[in-house]
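Raw my_file-v4.txt, compact mmCIF, C-alpha atoms:
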```txt
# COMPACT_ATOMS: atom_id res chain seq x y z
CA MET S 1 28.36 -22.17 40.13
CA ARG S 2 28.16 -18.48 39.22
CA THR S 3 30.49 -19.05 36.25
CA TRP S 4 28.29 -21.88 35.00
CA ALA S 5 25.15 -19.75 35.34
CA PHE S 6 26.78 -16.87 33.46
CA CYS S 7 27.84 -19.20 30.62
CA PHE S 8 24.34 -20.62 30.45
CA LEU S 9 22.78 -17.17 30.14
CA LEU S 10 25.35 -16.14 27.56
CA SER S 11 24.67 -19.24 25.49
CA ALA S 12 20.94 -18.52 25.63
CA PHE S 13 21.53 -15.19 23.91
CA CYS S 14 24.08 -16.57 21.42
CA PHE S 15 22.30 -19.80 20.56
CA PRO S 16 20.07 -18.41 17.76
CA ALA S 17 23.08 -17.10 15.81
CA ALA S 18 25.09 -20.26 16.43
CA ALA S 19 22.21 -22.46 15.31
CA ILE S 20 21.90 -20.73 11.93
CA ASP S 21 23.26 -22.58 8.92
CA TRP S 22 24.46 -19.66 6.81
CA ASN S 23 24.69 -21.85 3.71
CA ASP S 24 21.00 -22.75 4.00
CA PRO S 25 18.67 -19.79 3.31
CA HIS S 26 15.71 -21.67 4.80
CA SER S 27 17.53 -21.98 8.12
CA ILE S 28 17.98 -18.21 8.12
CA VAL S 29 14.30 -17.70 7.26
CA ASP S 30 13.24 -19.91 10.19
CA ALA S 31 15.50 -17.96 12.54
CA ALA S 32 14.12 -14.62 11.32
CA ILE S 33 10.53 -15.79 11.78
CA ALA S 34 11.34 -16.97 15.31
CA ALA S 35 12.96 -13.61 16.12
CA SER S 36 10.31 -11.38 14.52
CA PRO S 37 8.76 -8.87 16.98
CA SER S 38 5.95 -8.14 14.52
CA LEU S 39 4.93 -11.81 14.55
CA ARG S 40 5.06 -11.81 18.35
CA ALA S 41 2.68 -8.84 18.33
CA ILE S 42 0.30 -10.65 15.98
CA ASP S 43 0.49 -13.79 18.13
CA ALA S 44 -0.36 -11.74 21.22
CA ASN S 45 -3.31 -10.14 19.44
CA LEU S 46 -4.37 -13.58 18.26
CA ALA S 47 -4.29 -14.93 21.81
CA ALA S 48 -6.43 -11.98 22.91
CA ALA S 49 -8.89 -12.57 20.06
CA ARG S 50 -9.20 -16.26 20.94
CA ALA S 51 -9.85 -15.36 24.56
CA GLN S 52 -12.48 -12.87 23.38
CA LEU S 53 -14.05 -15.62 21.25
CA ARG S 54 -14.56 -17.78 24.33
CA ALA S 55 -16.56 -14.98 25.96
CA ALA S 56 -18.43 -13.83 22.85
CA GLY S 57 -22.17 -14.26 22.98
CA ALA S 58 -22.27 -15.20 26.66
CA LEU S 59 -25.06 -13.85 28.85
CA PRO S 60 -24.00 -11.05 31.18
CA ASN S 61 -23.67 -11.87 34.87
CA PRO S 62 -26.85 -11.62 36.93
CA MET S 63 -27.22 -8.69 39.31
CA LEU S 64 -28.03 -9.18 42.99
CA MET S 65 -29.63 -6.49 45.11
CA ALA S 66 -30.50 -5.94 48.75
CA GLY S 67 -31.74 -2.93 50.63
CA VAL S 68 -34.41 -1.08 52.56
CA GLN S 69 -37.38 0.67 51.01
CA ASN S 70 -39.48 3.45 52.45
CA GLN S 71 -37.33 3.99 55.53
CA GLN S 72 -38.42 7.01 57.59
CA ILE S 73 -36.01 9.92 57.46
CA ASP S 74 -35.70 9.97 61.24
CA LEU S 75 -34.70 6.28 61.04
CA SER S 76 -37.87 5.15 62.79
CA ARG S 77 -39.60 2.18 61.24
CA ASP S 78 -43.14 2.43 59.86
CA PRO S 79 -44.57 -1.11 59.99
CA MET S 80 -46.89 -0.34 57.09
CA MET S 81 -44.23 1.12 54.78
CA THR S 82 -40.68 0.09 55.68
CA MET S 83 -39.68 -3.05 53.81
CA TYR S 84 -36.45 -5.03 53.58
CA THR S 85 -35.85 -6.40 50.10
CA VAL S 86 -33.55 -8.84 48.30
CA GLY S 87 -33.66 -9.67 44.65
CA ALA S 88 -31.86 -10.49 41.41
CA SER S 89 -32.02 -9.40 37.81
CA GLN S 90 -30.81 -10.92 34.57
CA THR S 91 -30.45 -9.42 31.11
CA PHE S 92 -31.30 -11.88 28.35
CA VAL S 93 -29.50 -11.33 25.05
CA ARG S 94 -31.40 -12.47 21.99
CA GLY S 95 -30.07 -15.65 20.40
CA GLU S 96 -29.44 -14.05 17.01
CA ARG S 97 -27.39 -11.29 18.65
CA ARG S 98 -25.32 -13.82 20.58
CA ASP S 99 -24.71 -15.82 17.39
CA ALA S 100 -23.65 -12.66 15.55
CA LEU S 101 -21.23 -11.72 18.33
CA ARG S 102 -19.66 -15.20 18.20
CA ARG S 103 -19.34 -15.02 14.41
CA ALA S 104 -17.74 -11.58 14.64
CA ALA S 105 -15.22 -12.75 17.23
CA ASN S 106 -14.39 -15.82 15.16
CA LEU S 107 -13.83 -13.67 12.07
CA THR S 108 -11.39 -11.51 14.05
CA VAL S 109 -9.42 -14.67 14.86
CA GLU S 110 -9.45 -15.68 11.18
CA ARG S 111 -8.24 -12.25 10.10
CA LEU S 112 -5.31 -12.33 12.51
CA GLU S 113 -4.40 -15.87 11.43
CA HIS S 114 -4.29 -14.72 7.80
CA GLU S 115 -2.26 -11.65 8.79
CA ALA S 116 0.25 -13.88 10.57
CA GLU S 117 0.58 -16.04 7.47
CA SER S 118 0.99 -12.96 5.31
CA ARG S 119 3.63 -11.56 7.64
CA ARG S 120 5.60 -14.81 7.62
CA ALA S 121 5.65 -14.71 3.81
CA ALA S 122 6.92 -11.13 3.86
CA ILE S 123 9.66 -11.97 6.38
CA ALA S 124 10.77 -14.96 4.31
CA ARG S 125 10.89 -12.77 1.21
CA ASP S 126 12.88 -10.01 2.93
CA VAL S 127 15.39 -12.53 4.32
CA LEU S 128 15.87 -14.26 0.97
CA VAL S 129 16.31 -10.97 -0.87
CA ALA S 130 18.94 -9.75 1.61
CA TYR S 131 20.66 -13.15 1.58
CA ASP S 132 20.74 -13.33 -2.21
CA GLU S 133 22.08 -9.79 -2.48
CA ALA S 134 24.90 -10.55 -0.05
CA ALA S 135 25.67 -13.87 -1.74
CA ALA S 136 25.62 -12.37 -5.23
CA ALA S 137 27.95 -9.60 -4.07
CA ASN S 138 30.38 -12.25 -2.81
CA ASN S 139 30.17 -13.99 -6.20
CA GLN S 140 30.89 -10.70 -7.94
CA ILE S 141 33.82 -10.01 -5.62
CA ALA S 142 35.26 -13.43 -6.49
CA ALA S 143 34.71 -12.75 -10.20
CA ASN S 144 36.51 -9.42 -9.90
CA ASP S 145 39.36 -11.14 -8.07
CA ASP S 146 39.76 -13.40 -11.09
CA ILE S 147 39.68 -10.37 -13.37
CA ALA S 148 42.39 -8.78 -11.21
CA LYS S 149 44.67 -11.71 -12.11
CA LEU S 150 44.01 -11.09 -15.80
CA ALA S 151 44.71 -7.38 -15.28
CA SER S 152 48.02 -8.37 -13.70
CA MET S 153 48.83 -10.48 -16.76
CA MET S 154 48.01 -7.50 -18.98
CA SER S 155 50.22 -5.26 -16.86
CA GLU S 156 53.11 -7.73 -17.11
CA ALA S 157 52.69 -7.86 -20.89
CA ALA S 158 52.82 -4.05 -21.06
CA ARG S 159 55.93 -3.99 -18.86
CA ALA S 160 57.65 -6.62 -20.99
CA ARG S 161 56.99 -4.71 -24.19
CA TYR S 162 58.05 -1.44 -22.57
CA GLU S 163 61.34 -2.92 -21.44
CA VAL S 164 62.21 -3.93 -25.02
CA GLY S 165 61.11 -0.57 -26.37
CA ALA S 166 58.07 -1.95 -28.21
CA ALA S 167 55.48 -0.05 -26.13
CA ALA S 168 55.11 3.30 -24.42
CA GLN S 169 55.09 3.82 -20.65
CA ILE S 170 51.45 4.93 -20.88
CA ASP S 171 50.49 1.29 -21.45
CA ILE S 172 51.87 0.37 -18.02
CA ILE S 173 50.08 3.32 -16.41
CA ARG S 174 46.77 2.45 -18.03
CA ALA S 175 47.16 -1.18 -16.95
CA ARG S 176 47.66 -0.02 -13.36
CA ILE S 177 44.62 2.23 -13.62
CA GLU S 178 42.52 -0.71 -14.80
CA ALA S 179 43.79 -2.82 -11.89
CA SER S 180 42.75 -0.01 -9.54
CA ASN S 181 39.37 0.14 -11.25
CA VAL S 182 38.90 -3.56 -10.53
CA ARG S 183 39.69 -2.92 -6.86
CA HIS S 184 37.19 -0.04 -6.99
CA GLN S 185 34.51 -2.45 -8.21
CA ILE S 186 35.38 -4.87 -5.43
CA LEU S 187 34.98 -2.14 -2.83
CA MET S 188 31.58 -1.23 -4.28
CA GLN S 189 30.43 -4.84 -4.11
CA ARG S 190 31.66 -5.08 -0.52
CA GLY S 191 29.44 -2.12 0.25
CA VAL S 192 26.47 -3.88 -1.35
CA ARG S 193 27.26 -7.03 0.62
CA ASP S 194 27.66 -5.20 3.94
CA THR S 195 24.38 -3.34 3.39
CA ALA S 196 22.56 -6.61 2.74
CA LEU S 197 24.19 -8.21 5.79
CA ALA S 198 23.07 -5.27 7.93
CA ARG S 199 19.48 -5.99 6.85
CA LEU S 200 19.95 -9.67 7.64
CA ARG S 201 21.27 -8.91 11.12
CA ALA S 202 18.28 -6.66 11.79
CA LEU S 203 15.83 -9.30 10.56
CA LEU S 204 17.53 -11.91 12.75
CA ASN S 205 17.69 -9.54 15.74
CA LEU S 206 21.48 -9.93 15.88
CA PRO S 207 23.85 -7.22 17.14
CA ALA S 208 25.54 -5.07 14.53
CA THR S 209 28.89 -6.50 15.59
CA GLU S 210 27.79 -10.11 14.97
CA SER S 211 30.23 -11.82 12.61
CA VAL S 212 28.61 -13.49 9.59
CA PRO S 213 30.57 -16.13 7.66
CA SER S 214 30.99 -15.67 3.93
CA PHE S 215 28.49 -17.40 1.65
CA VAL S 216 27.86 -17.35 -2.09
CA LEU S 217 25.13 -18.27 -4.55
CA ALA S 218 25.45 -22.00 -5.13
CA HIS S 219 25.24 -21.67 -8.90
CA ALA S 220 27.91 -22.23 -11.50
CA MET S 221 27.85 -20.22 -14.70
CA GLU S 222 25.31 -22.39 -16.45
CA HIS S 223 22.35 -22.27 -18.80
CA HIS S 224 18.89 -21.86 -17.27
CA ALA S 225 15.72 -23.41 -18.62
CA HIS S 226 13.13 -21.02 -20.00
CA ALA S 227 10.86 -19.67 -17.29
CA GLU S 228 7.57 -21.47 -16.81
CA ASP S 229 4.30 -19.59 -16.85
CA VAL S 230 3.09 -18.62 -13.39
CA SER S 231 -0.06 -16.86 -12.23
CA LEU S 232 -1.08 -14.93 -9.17
CA ALA S 233 -3.35 -16.87 -6.82
CA THR S 234 -6.96 -15.71 -6.81
CA THR S 235 -6.96 -15.51 -3.03
CA THR S 236 -3.85 -14.95 -0.96
CA PRO S 237 -3.65 -14.74 2.85
CA ALA S 238 -3.47 -10.94 2.55
CA ILE S 239 -6.72 -10.87 0.55
CA ALA S 240 -8.27 -13.46 2.87
CA ALA S 241 -7.46 -11.24 5.87
CA LEU S 242 -9.32 -8.33 4.29
CA GLN S 243 -12.20 -10.62 3.31
CA SER S 244 -12.49 -11.68 6.95
CA GLU S 245 -12.64 -8.00 7.81
CA VAL S 246 -15.45 -7.56 5.27
CA ASP S 247 -17.36 -10.46 6.83
CA ARG S 248 -16.73 -8.95 10.25
CA ALA S 249 -18.16 -5.66 9.00
CA GLU S 250 -21.22 -7.56 7.74
CA GLN S 251 -21.78 -8.79 11.27
CA ASP S 252 -21.51 -5.21 12.51
CA VAL S 253 -24.22 -4.23 10.04
CA PHE S 254 -26.38 -7.10 11.29
CA LEU S 255 -25.79 -6.14 14.92
CA ALA S 256 -26.67 -2.52 14.17
CA LYS S 257 -29.95 -3.66 12.65
CA LEU S 258 -30.66 -5.79 15.70
CA ALA S 259 -30.80 -2.60 17.75
CA ALA S 260 -34.42 -2.49 16.58
CA LYS S 261 -34.88 -5.76 18.53
CA PRO S 262 -33.44 -4.81 21.93
CA ASP S 263 -32.52 -7.23 24.68
CA PHE S 264 -34.77 -7.51 27.71
CA ASN S 265 -34.20 -7.67 31.44
CA ILE S 266 -36.14 -9.50 34.14
CA GLU S 267 -35.92 -8.52 37.79
CA ALA S 268 -37.38 -10.48 40.72
CA SER S 269 -37.37 -9.24 44.32
CA TYR S 270 -38.67 -10.37 47.72
CA GLY S 271 -39.82 -7.83 50.32
CA LEU S 272 -40.12 -8.37 54.08
CA ARG S 273 -42.22 -6.20 56.48
CA PRO S 274 -42.03 -7.80 59.95
CA GLU S 275 -45.57 -6.84 61.01
CA GLN S 276 -47.18 -7.41 57.59
CA LYS S 277 -47.29 -10.09 54.94
CA ASP S 278 -44.21 -10.62 52.79
CA MET S 279 -44.27 -9.44 49.17
CA PHE S 280 -42.53 -10.29 45.93
CA SER S 281 -42.19 -8.44 42.65
CA VAL S 282 -41.31 -9.47 39.11
CA VAL S 283 -40.46 -6.71 36.64
CA GLY S 284 -39.57 -6.94 32.98
CA ARG S 285 -37.64 -4.18 31.17
CA ILE S 286 -36.97 -3.64 27.51
CA GLU S 287 -35.61 -0.67 25.60
CA LEU S 288 -38.07 1.10 23.32
CA PRO S 289 -36.27 1.59 19.95
CA ILE S 290 -38.29 4.66 19.02
CA ARG S 291 -35.38 6.87 17.94
CA LYS S 292 -34.51 4.95 14.79
CA LYS S 293 -33.49 7.96 12.73
CA THR S 294 -31.17 9.39 15.35
CA VAL S 295 -29.83 6.22 17.02
CA ILE S 296 -30.33 3.06 14.97
CA GLU S 297 -30.13 4.19 11.35
CA PRO S 298 -26.84 6.14 11.79
CA ARG S 299 -25.25 3.06 13.34
CA ILE S 300 -26.38 0.95 10.40
CA ALA S 301 -25.09 3.52 7.90
CA GLU S 302 -21.73 3.69 9.70
CA ALA S 303 -21.34 -0.10 9.71
CA MET S 304 -22.22 -0.33 6.02
CA ALA S 305 -19.74 2.42 5.13
CA ARG S 306 -16.97 0.62 7.01
CA ARG S 307 -17.82 -2.60 5.19
CA ASP S 308 -17.71 -0.86 1.80
CA ALA S 309 -14.36 0.75 2.68
CA VAL S 310 -12.83 -2.67 3.37
CA ARG S 311 -14.24 -4.00 0.11
CA ALA S 312 -12.53 -1.13 -1.69
CA GLN S 313 -9.27 -2.02 0.11
CA ILE S 314 -9.50 -5.51 -1.36
CA ASP S 315 -9.75 -4.05 -4.86
CA VAL S 316 -6.79 -1.76 -4.16
CA LEU S 317 -4.77 -4.69 -2.87
CA ARG S 318 -5.64 -6.82 -5.91
CA GLN S 319 -4.46 -4.02 -8.19
CA GLN S 320 -1.20 -3.60 -6.31
CA LEU S 321 -0.57 -7.35 -6.22
CA ALA S 322 -1.19 -7.55 -9.97
CA VAL S 323 1.36 -4.77 -10.55
CA ASP S 324 3.97 -6.28 -8.22
CA PHE S 325 3.45 -9.80 -9.57
CA GLY S 326 3.69 -8.62 -13.17
CA GLU S 327 6.90 -6.73 -12.45
CA ALA S 328 8.40 -9.75 -10.67
CA VAL S 329 7.54 -12.06 -13.56
CA ALA S 330 8.97 -9.60 -16.10
CA SER S 331 12.15 -9.31 -14.02
CA ARG S 332 12.45 -13.11 -13.80
CA ASN S 333 11.91 -13.59 -17.55
CA GLU S 334 14.50 -10.94 -18.40
CA ALA S 335 17.00 -12.53 -16.02
CA VAL S 336 16.56 -15.98 -17.56
CA GLU S 337 17.10 -14.67 -21.08
CA GLN S 338 20.09 -12.61 -20.01
CA ILE S 339 21.67 -15.53 -18.15
CA ASN S 340 21.31 -17.80 -21.16
CA LEU S 341 22.76 -15.14 -23.46
CA HIS S 342 25.72 -14.56 -21.14
CA VAL S 343 26.43 -18.28 -20.73
CA GLU S 344 25.99 -19.23 -24.38
CA GLN S 345 27.61 -16.28 -26.11
CA LEU S 346 28.68 -13.14 -24.29
CA VAL S 347 30.99 -14.43 -21.55
CA PRO S 348 32.74 -17.19 -23.58
CA GLU S 349 33.24 -14.87 -26.55
CA ALA S 350 34.49 -12.04 -24.32
CA LYS S 351 36.98 -14.37 -22.64
CA LEU S 352 38.17 -15.62 -26.01
CA GLY S 353 38.44 -12.03 -27.23
CA PHE S 354 40.62 -11.04 -24.29
CA GLU S 355 42.90 -14.03 -24.67
CA SER S 356 43.26 -13.35 -28.38
CA ALA S 357 43.89 -9.62 -27.86
CA LEU S 358 46.48 -10.31 -25.13
CA ALA S 359 48.34 -12.80 -27.34
CA SER S 360 48.26 -10.39 -30.27
CA TYR S 361 49.53 -7.56 -28.07
CA GLN S 362 52.37 -9.68 -26.75
CA ALA S 363 53.27 -10.48 -30.36
CA GLY S 364 53.10 -6.81 -31.30
CA LYS S 365 50.17 -7.31 -33.68
CA THR S 366 47.62 -5.11 -31.91
CA THR S 367 47.45 -2.07 -29.65
CA PHE S 368 47.08 -1.88 -25.90
CA ASP S 369 43.62 -0.33 -26.40
CA ALA S 370 42.40 -3.61 -27.88
CA VAL S 371 43.60 -5.58 -24.86
CA LEU S 372 42.21 -3.08 -22.37
CA GLY S 373 38.83 -2.92 -24.11
CA ALA S 374 38.62 -6.72 -24.27
CA LEU S 375 39.43 -7.01 -20.54
CA GLN S 376 36.84 -4.39 -19.58
CA THR S 377 34.20 -6.12 -21.70
CA TYR S 378 35.00 -9.50 -20.17
CA ARG S 379 34.94 -8.09 -16.64
CA THR S 380 31.59 -6.36 -17.19
CA LEU S 381 29.91 -9.42 -18.71
CA ASN S 382 31.38 -11.84 -16.19
CA VAL S 383 30.21 -9.75 -13.24
CA ASP S 384 26.85 -9.00 -14.87
CA TYR S 385 26.10 -12.72 -15.02
CA TYR S 386 25.89 -12.83 -11.22
CA GLU S 387 23.82 -9.67 -11.23
CA PHE S 388 21.24 -11.35 -13.46
CA LEU S 389 21.46 -14.51 -11.35
CA ARG S 390 20.68 -12.37 -8.30
CA GLN S 391 17.79 -10.78 -10.22
CA LEU S 392 16.41 -14.22 -11.12
CA ILE S 393 16.54 -15.61 -7.58
CA ILE S 394 15.06 -12.46 -6.05
CA ALA S 395 12.26 -12.37 -8.63
CA GLU S 396 11.41 -16.00 -7.85
CA ALA S 397 11.35 -15.18 -4.14
CA GLU S 398 9.04 -12.23 -4.87
CA ILE S 399 6.67 -14.38 -6.93
CA ASP S 400 6.49 -17.03 -4.21
CA ALA S 401 6.00 -14.43 -1.46
CA LEU S 402 3.16 -12.66 -3.29
CA ASN S 403 1.35 -15.95 -3.76
CA HIS S 404 1.79 -16.78 -0.07
CA GLY S 405 0.49 -13.53 1.35
CA ALA S 406 3.10 -10.76 1.07
CA THR S 407 1.45 -7.44 0.25
CA GLY S 408 4.21 -5.84 -1.80
CA ARG S 409 7.67 -6.25 -3.24
CA SER S 410 10.78 -5.74 -1.18
CA GLY S 411 12.47 -2.36 -1.30
CA ALA S 412 15.52 -3.71 -3.12
CA ALA S 413 13.43 -5.44 -5.78
CA ALA S 414 11.20 -2.42 -6.24
CA MET S 415 14.28 -0.29 -6.96
CA GLY S 416 15.56 -2.81 -9.46
CA GLY S 417 18.49 -3.93 -7.29
CA ALA S 418 21.94 -2.46 -7.16
CA ARG S 419 22.89 -2.52 -10.82
```

Just dump the structure as structure tokens.
Amino acid sequence: MRTWAFCFLLSAFCFPAAAIDWNDPHSIVDAAIAASPSLRAIDANLAAARAQLRAAGALPNPMLMAGVQNQQIDLSRDPMMTMYTVGASQTFVRGERRDALRRAANLTVERLEHEAESRRAAIARDVLVAYDEAAAANNQIAANDDIAKLASMMSEAARARYEVGAAAQIDIIRARIEASNVRHQILMQRGVRDTALARLRALLNLPATESVPSFVLAHAMEHHAHAEDVSLATTTPAIAALQSEVDRAEQDVFLAKLAAKPDFNIEASYGLRPEQKDMFSVVGRIELPIRKKTVIEPRIAEAMARRDAVRAQIDVLRQQLAVDFGEAVASRNEAVEQINLHVEQLVPEAKLGFESALASYQAGKTTFDAVLGALQTYRTLNVDYYEFLRQLIIAEAEIDALNHGATGRSGAAAMGGAR
């Protein structure tokens, strides 16, 4: 029984990682959203705001009172003065104030809902960027592995020519150096991949020792259609959240102005004097708003200043979104053009150039420098294709995230990636 319970608890902790389909980025996004502590914090604040909405605008509880009035200090009772009283009082909040309080509470709920949507978009973007970086690094590692085979062919050609006295030993040494350089590139790409996987584990709330299966970008080396025109949405959840804050500040301004129309209180009491007639009292109370310049007007000015500050934040956010969106679109357009150029011309011609140079070298018609240069060019262009593919996919993720509420580009995209 204890063993079964332990296995059940262990599976509860391991289930999120096991349930992830690492070949489906959307599955990873869903897992990251479910594991996000920032979203849990927003959800908790949202639950509090909804609870506050239920109480907003309600009348305060009535006050009950009971006591003795005019009791002699020596505790003797004066039948003409001593009176036993009970009573109740109620403060009545003006209808327009109660409506304003309800509107303000509802706007707080709206703001948090928009913030949650914005946060989900940012999490999805961060996951996709990390995923695409890791996948592209795996593609580049595979491409370099293929180049390593070509470097081995070049090394064998140099050895064959050296053995017949048609080439110098330096050709073999330089071929080995190039093979080591390819391994150097592979190690660098492994570092890029491991860094991206570390970000993924953090976003998924997985331990640093969690094993992640290998995955790659599911794209062959192919031509891409020209990028379609896209535009930034006029209102995104991030802007809508700030607009709700502006509307909330408007209600604060209205409530500050209502201080000139204070609430009123009514108190009713019943008094008993055993030897005299009973008595009752009804008293109304209302604040006199006579200190407008020192109490009311400063509150109005403060509320208006806060409202104007939030309006300025919207303009700042619009500017930043325009910058980030423009950069993402420019990055996407460049990637598309580069991919098409690599697929149509650069990579095929570089491969043909290497094959031709290797054949000519084997036949003794060209130098080793020509073969080495052709291999280096082919390796660079072949690996660069996946770099531009990564750039394209990340830029598209950035564009989608900005339109769905993210408030800025990811750190990797902002730095231009790991070129």

- request: Tell me, as a PyMOL selection string, which residues lie within 9 Å of region 124-136 of chain S, counting only C-alpha atoms; anything in the same chain fewer than 2 positions away does not count.
  value: chain S and resi 25-26+28-30+32-33+119-122+138-141+189-190+192-200+203-204+214-218+386-387+389-391+393-395+397-398+400-402+406+409-413+417-418

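The environment of Gly408 (chain S) within 8 Å, counting only C-alpha atoms and disregarding residues fewer than 6 places along the same chain, consists of Gln320, Leu321, Asp324 and Leu402 of chain S.
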
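Closest approach to Glu355 (chain S) from the set S:Leu150, S:Ala309, S:Ala166, S:Ala240 is made by S:Leu150, with distances taken over only C-alpha atoms.
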
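As for CA of Ala47 (chain S) and CA of Glu117 (chain S), they are spaced 15.2 Å apart.
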
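If you count all atoms listed in the file and ignore residues fewer than 5 places along the chain from Asp247 (chain S), what sits within 12 Å of it is Ala100, Arg103, Ala104, Ala105, Asn106, Leu107, Thr108, Glu110, Arg111, Ala240, Ala241, Leu242, Asp252, Val253, Phe254, Ala303, Met304, Arg306, Arg307, Asp308, Val310 and Arg311 of chain S.
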
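For the pair CA of Val282 (chain S) and CA of Glu267 (chain S), the interatomic distance is 5.6 Å.
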
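Counting from CA of Asp146 (chain S), the distance to CA of Gly373 (chain S) is 16.7 Å.
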
message: When you look at region 229-232 of chain S with a cut-off of 8 Å (counting only C-alpha atoms), what residues show up, excluding the ones that are within fewer than 6 positions of it in the same chain? I need them as an MDAnalysis selection string.
response: chainID S and resid 322 325 329 402:403
